[in-house]
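J.: Questions regarding the structure given below will be posed in turn.
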Amino acid sequence: MPRSQRLILVAALALAIGYAWLRGAFVPVSAAPIEEPPVPAAAAVATFAAGCFWSAGTAFEGTPGVFSVVAGYTGGTIANPTYAQVSAGATGHAEAVEIRFDPAMVSYAQLLDRFWHQIDLFAAHQQFCDLGDQYRPAVFVHDAAQRQAAESSRQRWQEHFGQPVRVEVTDARPFYRAEAYHQHYASRHPVQYAFYRWSCGRDARLREIWARH
């Protein structure tokens, strides 16, 4: 086999292995759940879909006033969907995060602002390298005040950028917690996640959007 063909074959194999690796093919699905601190019963809730829930989680974890960030699925048509079902794009769910927080320490408006700065505001049915409606960006609102805040902030960014912000604001639907191995994925698998985030071009696209804003 000519050297050029061998190089192409090796590169293709490396890409295939890398893609399987970053998609969790070598991560045990039986990973034990991380022990999480208790969440006060009076905590407020916010739900955002920002593409891959691995990255959505990292945007909010560790924020003062945030008690918990749970990766899961919402907005679909069946109960208790699995990752395989959602990723196939047949259930109507979006990958999302459910956030429990203390409004006295971090406001819903502050969480919204963080959400906007973590997404491609102009991509409706994908986020970065993740394609399909299951990766759509959306704000799932839990009451009238959240709806008003979300729609007002979306309008401000639309006027700011001078082009349509293609992010849905919709009523919250049943939220289904994702499998244990998806929870806190970035902190549990930092090398694998870093490779995924870089190869997906997420940070490069965010810099492109926000560099002059």
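Within each chain, counting starts at residue 1; across the structure tokens, chains are named A, B, ... in the order shown, with ligands numbered 1 upward in that order.
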Can you list, as a ChimeraX atom specification, all residues belonging to stretch 14-211 of chain A that DSSP tags as helix (DSSP H, G or I)?

T.: /A:14-22,53-60,83-87,108-116,133-135,144-161,180-182,185-188,190-200,202-210

J.: What's the 12 Å shell around A:Ile209, counting only C-alpha atoms, without same-chain residues fewer than 2 positions away, as a compact mmCIF listing (two decimals) with C-alpha atoms, in the first residue's frame?

T.:
```txt
# COMPACT_ATOMS: atom_id res chain seq x y z
CA TRP A 116 -26.89 33.24 26.34
CA HIS A 117 -23.10 33.40 26.54
CA GLN A 118 -22.77 29.61 26.28
CA ILE A 119 -24.73 29.01 23.06
CA ASP A 120 -24.76 29.83 19.39
CA LEU A 121 -27.79 32.11 19.43
CA PHE A 122 -28.29 31.79 15.68
CA ALA A 123 -28.47 27.98 15.30
CA TRP A 157 -29.93 40.22 22.16
CA HIS A 160 -28.12 43.94 19.84
CA PHE A 161 -26.93 41.59 17.10
CA ARG A 202 -17.45 25.31 20.82
CA ASP A 203 -15.04 27.88 22.26
CA ALA A 204 -13.90 29.08 18.84
CA ARG A 205 -17.50 29.78 17.83
CA LEU A 206 -18.30 31.49 21.13
CA ARG A 207 -15.28 33.76 20.71
CA ALA A 211 -15.49 38.95 20.61
CA ARG A 212 -16.95 42.34 19.72
CA HIS A 213 -19.89 42.29 22.09
```

J.: Within 8 Å of stretch 64-77 of chain A, counting only C-alpha atoms, which residues show up once you throw out same-chain ones fewer than 3 positions away? Write them as an NGL selection string, please.

T.: :A and (36-39 or 53-54 or 57 or 60-61 or 81 or 86 or 91-106 or 172-179 or 182-184)

J.: Step one, run DSSP on the backbone; step two, keep only residues of stretch 40-184 of chain A assigned to strand (DSSP E or B); then write them as a PyMOL selection string.

T.: chain A and resi 44-50+66-74+94-101+126-127+130-131+137-141+168-171+175-177

J.: Could you tell me how far atom CA of A:Ala56 sits from atom CA of A:Ala145, in Å to one decimal place?

T.: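 That distance, rounded to one decimal, is 22.5 Å.
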
J.: Ranking A:Cys52, A:Ala79, A:Ala84, A:Val141 by minimum distance to A:Tyr185 and counting only C-alpha atoms, which one comes first?

T.: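 Smallest distance to A:Tyr185 is found for A:Cys52.
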
J.: One decimal, Å: what's the distance from atom CA of A:Ala194 over to atom CA of A:Ala88, could you say?

T.: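 Between atom CA of A:Ala194 and atom CA of A:Ala88 the gap is 23.9 Å.
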
J.: How many Å lie between atom CA of A:Thr82 and atom CA of A:Tyr135, rounded to one decimal?

T.: 15.0 Å
